[in-house]
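Structure file work_34.txt (compact mmCIF, C-alpha atoms) is printed below.
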```txt
# COMPACT_ATOMS: atom_id res chain seq x y z
CA MET A 1 -41.50 19.42 22.78
CA PRO A 2 -40.91 15.68 23.29
CA SER A 3 -38.29 14.76 25.83
CA ARG A 4 -34.91 13.97 24.38
CA ARG A 5 -32.09 11.95 25.91
CA PRO A 6 -28.60 11.46 24.49
CA GLY A 7 -28.60 8.59 22.03
CA ARG A 8 -32.41 8.35 21.88
CA TRP A 9 -34.64 9.64 19.14
CA ARG A 10 -38.34 10.36 19.34
CA PRO A 11 -40.34 11.42 16.27
CA ARG A 12 -41.51 15.01 16.40
CA THR A 13 -42.80 15.73 12.91
CA VAL A 14 -46.38 16.67 12.26
CA ALA A 15 -46.64 13.67 9.90
CA ALA A 16 -45.99 11.30 12.78
CA ARG A 17 -49.29 12.33 14.38
CA ARG A 18 -51.33 12.13 11.19
CA PRO A 19 -53.14 9.19 9.58
CA LEU A 20 -51.05 6.70 7.62
CA TRP A 21 -52.96 7.13 4.37
CA TYR A 22 -52.94 10.51 2.72
CA PRO A 23 -56.37 11.30 1.22
CA PRO A 24 -56.40 10.21 -2.43
CA GLU A 25 -56.25 12.93 -5.00
CA PRO A 26 -59.47 13.48 -6.98
CA HIS A 27 -60.02 11.65 -10.26
CA VAL A 28 -57.11 9.24 -9.60
CA ALA A 29 -59.14 6.09 -10.31
CA ARG A 30 -60.42 7.51 -13.58
CA THR A 31 -56.95 8.68 -14.59
CA LEU A 32 -55.35 5.28 -13.99
CA ALA A 33 -57.93 3.22 -15.87
CA ALA A 34 -57.84 2.19 -19.51
CA PRO A 35 -57.75 3.68 -22.08
CA ARG A 36 -55.64 6.38 -20.42
CA VAL A 37 -53.33 3.83 -18.78
CA VAL A 38 -52.67 0.64 -20.72
CA ASN A 39 -49.01 -0.02 -19.93
CA ILE A 40 -46.16 1.05 -17.66
CA ALA A 41 -45.11 3.76 -20.11
CA ASP A 42 -48.49 5.42 -19.55
CA LEU A 43 -47.86 5.44 -15.78
CA ARG A 44 -44.46 6.98 -16.44
CA ARG A 45 -46.11 9.77 -18.43
CA LEU A 46 -48.59 10.48 -15.63
CA ALA A 47 -45.84 10.46 -13.01
CA GLU A 48 -43.89 12.99 -15.06
CA ARG A 49 -46.93 15.27 -15.12
CA ARG A 50 -47.59 15.03 -11.38
CA LEU A 51 -44.08 15.16 -9.92
CA PRO A 52 -41.54 18.00 -9.83
CA ARG A 53 -38.79 17.52 -12.37
CA VAL A 54 -36.17 16.81 -9.70
CA VAL A 55 -38.30 14.03 -8.18
CA PHE A 56 -39.33 12.48 -11.50
CA ASP A 57 -35.76 12.47 -12.79
CA TYR A 58 -34.64 10.78 -9.58
CA ILE A 59 -36.93 7.88 -10.52
CA ASP A 60 -36.35 8.00 -14.24
CA GLY A 61 -32.67 8.83 -14.60
CA GLY A 62 -29.45 6.86 -14.59
CA ALA A 63 -25.72 7.39 -14.32
CA GLU A 64 -23.61 9.47 -16.69
CA SER A 65 -24.64 8.89 -20.35
CA GLU A 66 -27.39 6.46 -19.25
CA ILE A 67 -26.12 3.78 -21.63
CA THR A 68 -26.79 0.95 -19.18
CA LEU A 69 -30.16 2.44 -18.25
CA ARG A 70 -31.31 2.27 -21.87
CA GLU A 71 -29.70 -1.10 -22.54
CA ASN A 72 -31.50 -2.69 -19.58
CA CYS A 73 -34.74 -2.22 -21.49
CA ARG A 74 -33.47 -2.65 -25.03
CA VAL A 75 -31.85 -6.03 -24.39
CA PHE A 76 -35.23 -7.73 -24.03
CA ASP A 77 -35.83 -7.08 -27.74
CA GLN A 78 -32.95 -9.44 -28.55
CA VAL A 79 -34.76 -12.41 -27.02
CA THR A 80 -37.60 -13.90 -29.06
CA PHE A 81 -40.25 -16.43 -28.12
CA ARG A 82 -40.82 -19.99 -29.38
CA PRO A 83 -44.53 -20.57 -28.73
CA ARG A 84 -46.37 -23.89 -28.74
CA GLY A 85 -49.45 -23.89 -30.95
CA ALA A 86 -52.80 -25.62 -30.42
CA VAL A 87 -52.33 -25.72 -26.64
CA ALA A 88 -55.36 -25.02 -24.45
CA ALA A 89 -54.45 -23.13 -21.29
CA PRO A 90 -57.71 -21.71 -19.94
CA LYS A 91 -56.02 -20.88 -16.64
CA THR A 92 -52.48 -19.83 -15.89
CA ASP A 93 -50.62 -20.37 -12.64
CA LEU A 94 -48.39 -17.40 -11.78
CA GLN A 95 -47.34 -18.65 -8.35
CA THR A 96 -43.72 -19.19 -7.48
CA THR A 97 -41.67 -19.88 -4.37
CA VAL A 98 -38.84 -17.59 -3.29
CA LEU A 99 -36.74 -18.42 -0.22
CA GLY A 100 -39.37 -20.90 0.84
CA THR A 101 -42.26 -18.43 0.65
CA THR A 102 -45.03 -18.88 -1.90
CA LEU A 103 -45.83 -15.70 -3.82
CA ALA A 104 -48.88 -15.18 -6.01
CA LEU A 105 -46.69 -13.49 -8.63
CA PRO A 106 -43.15 -14.15 -9.90
CA PHE A 107 -42.07 -10.58 -9.18
CA LEU A 108 -41.31 -8.63 -6.03
CA LEU A 109 -41.33 -4.87 -5.46
CA ALA A 110 -37.67 -3.84 -5.45
CA PRO A 111 -36.02 -1.53 -2.91
CA VAL A 112 -36.31 2.07 -4.12
CA GLY A 113 -34.94 4.79 -1.89
CA SER A 114 -36.80 7.96 -0.95
CA THR A 115 -40.18 6.82 -2.27
CA ARG A 116 -41.82 8.99 0.37
CA MET A 117 -40.83 11.84 -1.95
CA PHE A 118 -43.04 10.36 -4.67
CA TYR A 119 -46.17 10.14 -2.54
CA PRO A 120 -46.97 10.64 1.18
CA ARG A 121 -45.95 7.58 3.24
CA GLY A 122 -44.71 6.14 -0.05
CA GLU A 123 -42.98 3.03 1.29
CA ALA A 124 -45.95 1.99 3.43
CA VAL A 125 -48.34 2.68 0.57
CA ALA A 126 -46.32 0.56 -1.87
CA ALA A 127 -45.87 -2.28 0.63
CA LYS A 128 -49.62 -2.35 1.27
CA ALA A 129 -50.36 -2.64 -2.47
CA GLY A 130 -47.76 -5.40 -2.83
CA GLY A 131 -49.24 -7.39 0.01
CA GLU A 132 -52.76 -7.08 -1.38
CA ALA A 133 -51.47 -8.50 -4.67
CA GLY A 134 -49.83 -11.43 -2.90
CA THR A 135 -46.21 -10.51 -3.43
CA ALA A 136 -43.27 -9.29 -1.36
CA TYR A 137 -41.96 -5.79 -0.79
CA VAL A 138 -38.27 -4.97 -0.29
CA LEU A 139 -37.68 -1.90 1.87
CA SER A 140 -34.65 0.29 1.22
CA THR A 141 -32.45 1.43 4.09
CA LEU A 142 -32.86 4.91 2.62
CA SER A 143 -36.60 5.06 3.15
CA GLY A 144 -38.68 7.81 4.66
CA CYS A 145 -40.96 5.51 6.68
CA LYS A 146 -39.97 3.54 9.76
CA LEU A 147 -39.50 -0.12 8.95
CA GLU A 148 -42.02 -1.11 11.64
CA GLU A 149 -44.66 1.06 9.95
CA VAL A 150 -43.95 -0.51 6.56
CA LYS A 151 -44.19 -4.06 7.88
CA ALA A 152 -47.44 -3.26 9.68
CA ALA A 153 -48.90 -1.85 6.46
CA THR A 154 -48.65 -5.05 4.43
CA THR A 155 -50.14 -8.52 4.64
CA GLY A 156 -47.33 -9.89 2.49
CA PRO A 157 -43.68 -10.72 3.14
CA CYS A 158 -41.18 -7.91 3.64
CA TRP A 159 -37.44 -7.99 3.05
CA TYR A 160 -35.04 -5.35 4.35
CA GLN A 161 -32.30 -4.00 2.07
CA VAL A 162 -29.27 -2.85 4.01
CA TYR A 163 -26.52 -0.34 3.42
CA LEU A 164 -23.87 0.06 6.10
CA VAL A 165 -24.52 3.80 6.40
CA GLY A 166 -23.94 5.06 9.90
CA GLY A 167 -21.45 2.34 10.72
CA ARG A 168 -21.61 -1.21 11.99
CA GLU A 169 -23.44 -0.53 15.25
CA VAL A 170 -26.11 1.59 13.55
CA THR A 171 -26.56 -1.19 11.00
CA ARG A 172 -26.78 -3.86 13.70
CA ALA A 173 -29.51 -1.86 15.40
CA ALA A 174 -31.50 -1.61 12.16
CA ILE A 175 -31.06 -5.34 11.49
CA GLU A 176 -32.34 -6.13 14.98
CA ARG A 177 -35.36 -3.87 14.45
CA ALA A 178 -36.09 -5.56 11.11
CA ARG A 179 -35.95 -9.02 12.67
CA ALA A 180 -38.18 -7.96 15.55
CA ALA A 181 -40.69 -6.38 13.14
CA GLY A 182 -41.02 -9.60 11.15
CA PHE A 183 -38.95 -8.99 8.02
CA SER A 184 -38.11 -12.36 6.50
CA ALA A 185 -34.91 -11.75 4.50
CA LEU A 186 -31.99 -9.34 4.45
CA VAL A 187 -30.75 -7.91 1.15
CA VAL A 188 -27.13 -6.70 1.09
CA THR A 189 -26.32 -4.34 -1.80
CA ILE A 190 -22.70 -4.59 -2.96
CA ASP A 191 -22.51 -2.14 -5.89
CA THR A 192 -22.44 1.21 -4.07
CA PRO A 193 -18.86 1.97 -2.95
CA VAL A 194 -19.75 5.50 -4.04
CA ALA A 195 -22.89 7.01 -5.52
CA GLY A 196 -22.95 7.05 -9.33
CA LEU A 197 -22.89 10.36 -11.17
CA ARG A 198 -26.54 10.97 -11.98
CA GLU A 199 -26.26 14.01 -14.18
CA ARG A 200 -29.96 14.80 -14.12
CA ASP A 201 -29.78 15.17 -10.33
CA VAL A 202 -26.88 17.59 -10.65
CA ARG A 203 -28.65 19.73 -13.25
CA ASN A 204 -31.88 19.76 -11.23
CA GLY A 205 -30.13 20.97 -8.10
CA THR A 206 -30.82 17.95 -5.91
CA LYS A 207 -27.89 18.71 -3.62
CA GLU A 208 -28.99 22.30 -3.25
CA LEU A 209 -32.63 21.44 -2.62
CA VAL A 210 -31.81 19.08 0.26
CA SER A 211 -29.33 21.49 1.84
CA ARG A 212 -32.09 23.23 3.85
CA ARG A 213 -30.40 26.57 3.08
CA PRO A 214 -32.98 28.93 1.53
CA TRP A 215 -30.64 30.98 -0.63
CA THR A 216 -28.94 27.85 -1.93
CA MET A 217 -32.31 26.28 -2.74
CA LEU A 218 -33.81 29.37 -4.36
CA PRO A 219 -32.66 28.84 -8.00
CA PHE A 220 -34.22 25.36 -8.05
CA VAL A 221 -37.29 25.63 -5.84
CA TRP A 222 -39.51 26.59 -8.80
CA GLN A 223 -39.73 22.87 -9.58
CA PHE A 224 -41.72 22.36 -6.39
CA LEU A 225 -43.89 25.42 -6.94
CA ALA A 226 -44.80 24.20 -10.44
CA ARG A 227 -46.52 21.14 -8.92
CA PRO A 228 -48.83 22.59 -6.23
CA ARG A 229 -50.84 19.40 -5.67
CA TRP A 230 -47.67 17.38 -5.10
CA LEU A 231 -46.30 20.17 -2.90
CA ALA A 232 -49.41 20.14 -0.70
CA GLY A 233 -49.03 16.40 -0.12
CA PHE A 234 -45.31 16.75 0.50
CA LEU A 235 -45.83 19.41 3.17
CA PHE A 236 -48.77 17.50 4.68
CA ASP A 237 -46.43 14.52 5.04
CA GLY A 238 -43.84 16.53 6.96
CA GLY A 239 -41.70 18.04 4.21
CA LEU A 240 -38.11 17.02 3.58
CA MET A 241 -37.65 13.70 5.28
CA ARG A 242 -34.86 12.14 7.28
CA PHE A 243 -34.00 8.43 7.30
CA PRO A 244 -35.68 6.90 10.36
CA ASN A 245 -34.02 3.51 9.89
CA VAL A 246 -30.52 4.98 10.08
CA VAL A 247 -30.55 6.22 13.67
CA ARG A 248 -27.30 7.76 14.82
CA PRO A 249 -26.67 8.94 18.39
CA ASP A 250 -27.92 12.40 17.36
CA GLY A 251 -31.05 11.06 15.64
CA PRO A 252 -32.09 9.90 12.15
CA MET A 253 -29.62 10.61 9.35
CA ALA A 254 -30.36 13.76 7.38
CA TYR A 255 -31.13 13.53 3.67
CA ALA A 256 -28.09 15.63 2.75
CA ASP A 257 -25.71 13.15 4.44
CA VAL A 258 -26.37 10.22 2.06
CA GLY A 259 -23.49 10.63 -0.40
CA ALA A 260 -20.83 10.94 2.28
CA ALA A 261 -22.33 8.12 4.31
CA LEU A 262 -22.22 5.71 1.35
CA GLU A 263 -18.53 6.45 0.71
CA GLN A 264 -17.73 5.71 4.34
CA SER A 265 -19.67 2.44 4.46
CA VAL A 266 -18.47 0.23 1.61
CA VAL A 267 -19.58 -3.39 1.89
CA SER A 268 -16.78 -5.94 1.49
CA TRP A 269 -17.01 -9.73 1.38
CA PRO A 270 -15.76 -10.18 4.99
CA ASP A 271 -18.71 -8.04 6.15
CA LEU A 272 -21.09 -10.82 5.12
CA GLU A 273 -19.87 -12.91 8.04
CA TRP A 274 -20.96 -10.48 10.77
CA ILE A 275 -24.08 -9.48 8.83
CA ARG A 276 -25.18 -13.14 8.60
CA GLU A 277 -24.42 -13.59 12.27
CA ALA A 278 -26.42 -10.48 13.24
CA TRP A 279 -29.38 -11.39 11.03
CA ASN A 280 -29.56 -15.16 11.57
CA GLY A 281 -31.86 -15.65 8.57
CA PRO A 282 -31.84 -15.72 4.76
CA VAL A 283 -29.35 -13.30 3.21
CA VAL A 284 -29.58 -12.07 -0.38
CA VAL A 285 -26.70 -10.35 -2.18
CA LYS A 286 -27.81 -7.71 -4.68
CA GLY A 287 -25.58 -6.25 -7.38
CA VAL A 288 -24.05 -9.39 -8.93
CA LEU A 289 -23.13 -9.20 -12.63
CA THR A 290 -20.35 -11.74 -13.07
CA ALA A 291 -19.70 -15.41 -12.45
CA GLU A 292 -16.84 -14.51 -10.12
CA ASP A 293 -19.05 -12.50 -7.78
CA ALA A 294 -21.83 -15.07 -8.00
CA ARG A 295 -19.54 -17.87 -6.87
CA ARG A 296 -18.06 -15.73 -4.12
CA ALA A 297 -21.52 -14.88 -2.79
CA VAL A 298 -22.58 -18.53 -2.80
CA ASP A 299 -19.33 -19.57 -1.12
CA ALA A 300 -20.13 -17.00 1.59
CA GLY A 301 -23.34 -18.89 2.29
CA VAL A 302 -26.00 -16.54 0.92
CA GLU A 303 -29.36 -17.99 0.00
CA ALA A 304 -29.94 -15.89 -3.12
CA VAL A 305 -28.28 -13.42 -5.45
CA VAL A 306 -29.86 -10.61 -7.44
CA VAL A 307 -28.43 -9.94 -10.89
CA SER A 308 -28.53 -6.15 -10.80
CA ASN A 309 -26.72 -3.07 -12.05
CA HIS A 310 -28.71 -0.78 -9.75
CA GLY A 311 -31.08 0.14 -12.56
CA GLY A 312 -28.26 1.76 -14.51
CA ARG A 313 -27.70 4.26 -11.69
CA GLN A 314 -24.18 3.28 -10.63
CA LEU A 315 -21.43 2.28 -13.10
CA ASP A 316 -22.50 3.23 -16.61
CA GLY A 317 -21.42 0.87 -19.37
CA VAL A 318 -21.84 -2.42 -17.52
CA ALA A 319 -23.86 -5.24 -19.06
CA ALA A 320 -27.62 -5.17 -19.08
CA THR A 321 -28.89 -7.50 -16.39
CA LEU A 322 -30.73 -9.85 -18.74
CA ARG A 323 -27.47 -10.24 -20.66
CA ALA A 324 -25.59 -11.10 -17.44
CA LEU A 325 -28.25 -13.48 -16.15
CA PRO A 326 -27.15 -16.68 -17.98
CA GLU A 327 -23.58 -16.29 -16.75
CA VAL A 328 -24.70 -15.94 -13.14
CA VAL A 329 -27.17 -18.83 -13.35
CA SER A 330 -24.43 -21.02 -14.79
CA ALA A 331 -21.96 -20.06 -12.05
CA VAL A 332 -24.40 -20.59 -9.18
CA ARG A 333 -25.27 -24.14 -10.35
CA GLY A 334 -28.42 -24.30 -8.23
CA ARG A 335 -26.65 -23.65 -4.92
CA ALA A 336 -28.63 -20.44 -4.42
CA GLU A 337 -31.69 -18.86 -5.94
CA VAL A 338 -31.10 -16.32 -8.70
CA LEU A 339 -33.26 -13.22 -8.99
CA MET A 340 -32.93 -10.34 -11.45
CA ASP A 341 -33.93 -6.71 -11.76
CA GLY A 342 -33.50 -3.98 -14.36
CA GLY A 343 -35.42 -2.81 -17.42
CA ILE A 344 -38.65 -4.70 -16.76
CA ARG A 345 -41.62 -2.84 -18.18
CA ARG A 346 -43.85 -5.67 -19.44
CA GLY A 347 -44.96 -9.09 -18.31
CA SER A 348 -43.24 -10.58 -21.34
CA ASP A 349 -39.94 -9.21 -19.98
CA ILE A 350 -40.54 -11.18 -16.79
CA VAL A 351 -41.25 -14.34 -18.80
CA LYS A 352 -37.96 -13.97 -20.69
CA ALA A 353 -36.02 -13.62 -17.44
CA LEU A 354 -37.70 -16.71 -15.99
CA CYS A 355 -36.90 -18.68 -19.14
CA LEU A 356 -33.24 -17.72 -18.73
CA GLY A 357 -33.11 -19.12 -15.21
CA ALA A 358 -34.33 -16.44 -12.80
CA ARG A 359 -36.48 -17.73 -9.94
CA ALA A 360 -38.31 -14.39 -9.89
CA VAL A 361 -37.61 -10.76 -10.73
CA LEU A 362 -37.66 -7.49 -8.83
CA VAL A 363 -39.44 -4.52 -10.38
CA GLY A 364 -38.49 -1.01 -9.32
CA ARG A 365 -39.26 1.79 -11.74
CA ALA A 366 -42.42 0.07 -12.96
CA TYR A 367 -44.15 0.41 -9.59
CA ALA A 368 -42.36 3.68 -8.72
CA TYR A 369 -43.97 5.29 -11.77
CA GLY A 370 -47.32 4.05 -10.49
CA LEU A 371 -46.64 5.44 -7.02
CA GLY A 372 -45.66 8.79 -8.49
CA ALA A 373 -48.72 8.82 -10.74
CA GLY A 374 -51.35 7.93 -8.16
CA GLY A 375 -50.09 6.56 -4.86
CA GLY A 376 -51.34 3.14 -3.78
CA ALA A 377 -53.84 3.00 -6.64
CA GLY A 378 -50.99 3.61 -9.07
CA VAL A 379 -48.88 0.83 -7.57
CA ALA A 380 -51.85 -1.52 -7.75
CA ARG A 381 -52.38 -0.55 -11.37
CA ALA A 382 -48.72 -1.23 -12.21
CA ILE A 383 -48.95 -4.66 -10.57
CA GLU A 384 -52.17 -5.46 -12.40
CA ILE A 385 -50.66 -4.44 -15.75
CA LEU A 386 -47.70 -6.78 -15.22
CA ARG A 387 -49.95 -9.58 -13.92
CA SER A 388 -52.25 -9.36 -16.95
CA ASP A 389 -49.25 -9.23 -19.30
CA LEU A 390 -47.83 -12.35 -17.65
CA ALA A 391 -51.03 -14.36 -17.92
CA ARG A 392 -51.58 -13.36 -21.53
CA THR A 393 -47.98 -14.12 -22.52
CA LEU A 394 -48.17 -17.58 -20.94
CA LYS A 395 -51.37 -18.38 -22.82
CA LEU A 396 -49.90 -17.18 -26.10
CA LEU A 397 -46.82 -19.32 -25.46
CA GLY A 398 -48.97 -22.37 -24.78
CA CYS A 399 -47.62 -22.63 -21.25
CA ALA A 400 -49.97 -23.12 -18.30
CA SER A 401 -47.61 -22.18 -15.44
CA VAL A 402 -44.51 -20.13 -14.74
CA ALA A 403 -43.07 -23.31 -13.22
CA GLU A 404 -43.07 -24.86 -16.70
CA LEU A 405 -41.11 -22.03 -18.31
CA GLY A 406 -37.66 -22.89 -19.53
CA PRO A 407 -35.09 -22.15 -22.20
CA SER A 408 -36.98 -24.07 -24.89
CA TYR A 409 -39.51 -21.22 -25.00
CA ILE A 410 -36.98 -18.60 -26.19
CA GLU A 411 -34.23 -17.91 -28.68
CA VAL A 412 -31.23 -15.76 -27.85
CA PRO A 413 -28.41 -14.31 -29.98
CA ALA A 414 -25.47 -16.60 -30.65
CA ASP A 415 -23.02 -14.34 -28.80
CA TRP A 416 -24.89 -14.96 -25.54
CA ARG A 417 -23.33 -18.44 -25.42
CA VAL A 418 -21.89 -19.02 -21.95
CA ASP A 419 -19.95 -22.06 -23.21
CA SER A 420 -18.27 -20.10 -26.00
CA PRO A 421 -14.45 -19.91 -25.66
CA SER A 422 -14.71 -16.13 -26.10
CA HIS A 423 -17.08 -15.67 -23.18
CA PRO A 424 -15.36 -14.15 -20.10
CA SER A 425 -16.71 -16.84 -17.78
CA ALA A 426 -15.99 -19.83 -20.02
CA SER A 427 -12.82 -20.92 -18.28
CA ALA A 428 -14.49 -21.07 -14.87
CA ALA A 429 -18.03 -22.15 -15.69
CA THR A 430 -18.61 -25.74 -14.72
CA GLU A 431 -22.22 -26.21 -15.78
CA PRO A 432 -22.81 -23.85 -18.69
CA LEU A 433 -25.99 -23.13 -20.49
CA GLN A 434 -25.78 -25.16 -23.66
CA VAL A 435 -26.75 -23.18 -26.74
CA ALA A 436 -27.87 -25.06 -29.83
CA GLN A 437 -27.60 -23.07 -33.05
CA ASP A 438 -29.77 -23.66 -36.07
CA GLN A 439 -27.26 -23.47 -38.93
CA SER A 440 -29.88 -22.73 -41.55
CA SER A 441 -31.48 -19.79 -39.76
CA GLY A 442 -28.72 -18.58 -37.46
CA SER A 443 -31.15 -18.63 -34.52
CA THR A 444 -30.07 -19.86 -31.12
CA THR A 445 -31.94 -21.77 -28.43
CA VAL A 446 -30.71 -21.94 -24.84
CA LYS A 447 -30.78 -25.34 -23.15
CA ARG A 448 -29.78 -26.03 -19.58
CA SER A 449 -27.57 -29.03 -18.98
CA ARG A 450 -28.96 -31.50 -16.45
```

Take the structure in the file and write it out as structure tokens.
Amino acid sequence: MPSRRPGRWRPRTVAARRPLWYPPEPHVARTLAAPRVVNIADLRRLAERRLPRVVFDYIDGGAESEITLRENCRVFDQVTFRPRGAVAAPKTDLQTTVLGTTLALPFLLAPVGSTRMFYPRGEAVAAKAGGEAGTAYVLSTLSGCKLEEVKAATTGPCWYQVYLVGGREVTRAAIERARAAGFSALVVTIDTPVAGLRERDVRNGTKELVSRRPWTMLPFVWQFLARPRWLAGFLFDGGLMRFPNVVRPDGPMAYADVGAALEQSVVSWPDLEWIREAWNGPVVVKGVLTAEDARRAVDAGVEAVVVSNHGGRQLDGVAATLRALPEVVSAVRGRAEVLMDGGIRRGSDIVKALCLGARAVLVGRAYAYGLGAGGGAGVARAIEILRSDLARTLKLLGCASVAELGPSYIEVPADWRVDSPSHPSASAATEPLQVAQDQSSGSTTVKRSR
């Protein structure tokens, strides 16, 4: 047994002594190629076949009635394109700059907790695929891999997403580790004062399965047994994980402690002061949906905000993120970069978000489905699908670069008008998105005031 001192933790799992990359499952490359996999929905289908129900529904599900989860995707259908004809664009430039770093793609891999449950060493595997594609990876506090391992796995930028679980001193220690490891930005999530009610998790016995009590687990363990290939990889990787980046005096936080820890570690606006001081680098606030919160975040000195409703996993019934994006862009007025996540399944979705003012987007479920379907190869396939979609959409729009995208390339519904007297932010918005309506057709084009 490794030596143990009070307040110090040393890894002792079998997985810690094994190679980083779990051997790929047979036929993965063939399974992920066209025509079997053409879009993100195909990766979702394969992930559902490979993963136990409880793990798949953790990726796929949302809070309560899942209204916001569905609306995050459906809202993109309300935005239509205004292409330019007879424009030759033999090459397309997908590069963008986020927080001073040039990325090859205008999307980052979003923080997704517990991805080690989807595939062995899941966070390191996903980060590696992101780096190879030339984009950034955002690591969740609630990850199963040590943050140093994840940073070492990728050639691209890494950001660290922080919850205050474990208390201020535990968080300070994690922030210091992230800075020492070379993470370049800190993401503070503000929409988790309590975990949302994810009804699929309740029905699937998530709480019981992570309890580590055999008789409590028994009615639900069939889900694991029904996926023997996944189960073999799960056990090879050390079984039920702890959270190695939330190190308490008695060791890494147990999986079963998450819900209680979130309730005891609510982020408030005054916390940003000590977090910024501890980090001493770019800070991003994630979970902004209103002009009021956007302005407050910018006033607190953050470098970027992420328009996010936690993928529909927290408060059900809030606005879809694409719908909230114009309000936040208007409120920020260029004082911070605006990113967005939620509902993105196609490259054309990314283009619509960029046209509405996002600097870049974060994709979560899209790559998580790939990870669940086929590990690193699945993540790479998800990235390639979105990259190809982006390039094709730009060419069809007659636009050579994502830098040239703007509101003139889209039409939005009239009730999206930020400058309308009926809009909640109208009284406080100082530089609204101007929306010109075609009286004959009823269509609406967004224009940014200069």

**Request:** For Gly130 (chain A), work out the shell of residues within 8 Å, counting all atoms listed in the file and skipping chain neighbours fewer than 4 positions away, then give it as a PyMOL selection string.
**Result:** chain A and resi 108-109+126+134-137+154+156+379-380+383

Deliver the residues from the most recent selection as a file, using C-alpha atoms, as a short mmCIF file (atom, residue, chain, number, x, y, z; two decimals), in the coordinates of the input.
```
data_model
loop_
_atom_site.label_atom_id
_atom_site.label_comp_id
_atom_site.auth_asym_id
_atom_site.auth_seq_id
_atom_site.Cartn_x
_atom_site.Cartn_y
_atom_site.Cartn_z
CA LEU A 108 -41.31 -8.63 -6.03
CA LEU A 109 -41.33 -4.87 -5.46
CA ALA A 126 -46.32 0.56 -1.87
CA GLY A 134 -49.83 -11.43 -2.90
CA THR A 135 -46.21 -10.51 -3.43
CA ALA A 136 -43.27 -9.29 -1.36
CA TYR A 137 -41.96 -5.79 -0.79
CA THR A 154 -48.65 -5.05 4.43
CA GLY A 156 -47.33 -9.89 2.49
CA VAL A 379 -48.88 0.83 -7.57
CA ALA A 380 -51.85 -1.52 -7.75
CA ILE A 383 -48.95 -4.66 -10.57
#
```

**Item:** Contacts of Arg198 (chain A) at 6 Å (all atoms listed in the file; same-chain gap of 4+ positions) as a PyMOL selection string
**Value:** chain A and resi 62-64

**Request:** With a distance cut-off of 12 Å and only C-alpha atoms, select the neighbouring residues of Phe81 (chain A), excluding the residue or stretch itself and same-chain residues fewer than 5 positions from it, and output the selection as a PyMOL selection string.
**Result:** chain A and resi 76+348-349+351-353+355-356+393-394+396-399+405-412+443-446

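Using all atoms listed in the file, the nearest neighbour of Glu292 (chain A) within the list A:Ala152, A:Ala331, A:Val125, A:Leu272 is A:Ala331.
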
**Request:** Identify, on the basis of all atoms listed in the file, every residue whose closest approach to Gly205 (chain A) does not exceed 7 Å; exclude the query and any residue fewer than 4 positions from it along the same chain; express the result as number ranges by chain.
**Result:** A: 201, 209, 220

**Request:** Could you tell me how far CA of Arg276 (chain A) lies from CA of Val328 (chain A), in Å and to one decimal?
**Result:**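 Pair CA of Arg276 (chain A) / CA of Val328 (chain A) returns 21.9 Å.
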
**Message:** What does the structure give for the distance between CA of Leu46 (chain A) and CA of Gly375 (chain A), in Å to one decimal?
**Reply:**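 Distance reported for this atom pair: 11.6 Å.
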
**Asked** If you measure from CA of Val38 (chain A) to CA of Gly376 (chain A), what distance in Å do you get, rounded to one decimal?
**Response**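 Taking CA of Val38 (chain A) as the start and CA of Gly376 (chain A) as the end point, the length is 17.2 Å.
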
With 6 Å on each side, where is the centre of the axis-aligned box around all listed atoms of region 64-75 of chain A, and how long are its edges in Å to one decimal, as JSON?
```
{"center_x": -29.2, "center_y": 1.7, "center_z": -20.9, "size_x": 23.1, "size_y": 27.5, "size_z": 20.3}
```

**Message:** When you look at Asp191 (chain A) with a cut-off of 9 Å (counting only C-alpha atoms), what residues show up, excluding the ones that are within fewer than 2 positions of it in the same chain? I need them as JSON, numbers by chain.
**Reply:** {"A": [189, 193, 194, 266, 267, 286, 287, 288, 308, 309, 310, 314, 315]}
